[in-house]
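In what follows, a structure is listed as structure tokens, so that the remarks can point back to it.
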Amino acid sequence: MAEGPVYAADPPDLRRLVVLDALSVIFHCPSGQTHIVDSPAPEILAALGEGPADAAGVLARLARDHDIHEGSEAEAALAARLEELAAAGLVWWV
Amino acid sequence: MSDESDYSQDDGAPFGGATPSRRHLLMLGAAASTVVTIRPALAQTAGSVMNCQIPVPDPRKAGNYIAADGQLVSPGTPGAFAPPRRAFTGEEVKTALRGGTLPGTDPVSSRAYTNYIRRLQSGMSGFTCYASLQMPRG
């Protein structure tokens, strides 16, 4: 199943998350950077808090905890979100 | 709305298999980018970013090996990697962070070194260089 890249994120205690209505602000302690994020970024980071996973694995965790809107296109959409988080330094490939 | 109860920290959320209580509809296919990064002022020193250096490990921890997850471990620890022969430049690290391999390393040890670099924190040698590298794609 693990055909795509496997993603990882720092454990939750290395981030500070403040929910500001529709958006959230994340302070990433290791890099000292602040990120303004929209859903589903906090949910993805929470899912990766359980350990590294590929897009399918992250999707399974998200689907367990949330209702997913995209149906069959969910994995491709999630991969794009993961790449955004990787570009921001909150997620990386392992 | 300004009540402190509006604020929450994700380290207060259940992890490790428990189901979060805030179940809701998740829209994965956002039309625009969902992440905007505010970089510290030190990151604006773009001119020197590519030439700055990141030692692995911090010279104050010289001699330690680097485990696959980037943690420093005792020399000779099975599965861990000896330090590279030289510090990496910002440009080399930037390439590695995008999926490349650090020069003079194989993909596995490169990943360990890169994981170490990701764990750098303020005050550690190379942190300023690393923080400067963390820019959105482009």
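Within each chain, counting starts at residue 1; across the structure tokens, chains are named A, B, ... in the order shown, with ligands numbered 1 upward in that order.
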Inset, instruction - Skip region 23-31 of chain A itself and residues of its chain fewer than 4 positions away, then list as a list in words all residues within 8 Å of it, counting only C-alpha atoms. - result: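 Once the adjacent positions are removed, what remains is Leu14, Arg15, Arg16, Leu17, Val18, Val19, His35, Ile36, Val37, Asp38, Ser39, Pro42 and Leu90 of chain A; Arg118, Arg119, Leu120, Gln121, Ser122, Phe127, Tyr130 and Ala131 of chain B.
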Inset, instruction - Give me the residues within 10 Å of Asp54 (chain A) as a PyMOL selection string, counting only C-alpha atoms and dropping any in the same chain fewer than 3 places off. - result: chain A and resi 1-8+48+57-60+75+79+82+93-94
Legend entry - d(CA of Cys52 (chain B), CA of Leu133 (chain B)) in Å: 9.8 Å
Legend entry - For region 103-113 of chain B: contacts at 12 Å, only C-alpha atoms, fewer than 2 positions along chain excluded, given as a ChimeraX atom specification: /A:92-94 /B:54-58,65-73,79-89,91-101,115-120
Legend entry - Backbone-only DSSP, strand (DSSP E or B) members of region 13-47 of chain A, as a list in words: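 Everything in region 13-47 of chain A that counts as strand (DSSP E or B) is Arg15, Arg16, Leu17, Val18, Val19, Leu20, Leu23, Ser24, Val25, Ile26, Phe27, His28, Gln33, Thr34, His35, Ile36, Val37 and Asp38 of chain A.
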Inset, instruction - Report the distance between CA of Thr34 (chain A) and CA of Leu28 (chain B) in Å, rounded to one decimal place. - result: 21.8 Å
Inset, instruction - Record the distance separating CA of Ala77 (chain A) and CA of Glu43 (chain A), expressed in Å with one decimal. - result: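 These two atoms are separated by 14.0 Å.
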Inset, instruction - Report as number ranges by chain: the residues of chain A with a DSSP assignment of alpha helix (DSSP H), based on the backbone of this structure. - result: A: 41-48, 55-65, 74-88
Inset, instruction - Considering only C-alpha atoms, return as a list of chain:residue names whatever protein or nucleic-acid residues lie within 8 Å of region 67-70 of chain A, sequence-local ones (same chain, fewer than 6 positions apart) excluded. - result: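 Listed by chain and then number, they are A:Ala77, B:Arg23, B:His24, B:Leu25, B:Leu26, B:Met27, B:Leu28, B:Gly29.
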Put those residues in a file: C-alpha atoms, as a short mmCIF file (atom, residue, chain, number, x, y, z; two decimals), in the first residue's frame.
data_model
loop_
_atom_site.label_atom_id
_atom_site.label_comp_id
_atom_site.auth_asym_id
_atom_site.auth_seq_id
_atom_site.Cartn_x
_atom_site.Cartn_y
_atom_site.Cartn_z
CA ALA A 77 -6.30 16.32 -2.56
CA ARG B 23 -15.57 15.32 14.41
CA HIS B 24 -16.55 17.45 11.47
CA LEU B 25 -16.65 17.54 7.70
CA LEU B 26 -13.16 17.91 6.31
CA MET B 27 -12.59 19.64 2.95
CA LEU B 28 -9.28 18.32 1.67
CA GLY B 29 -9.43 19.94 -1.75
#
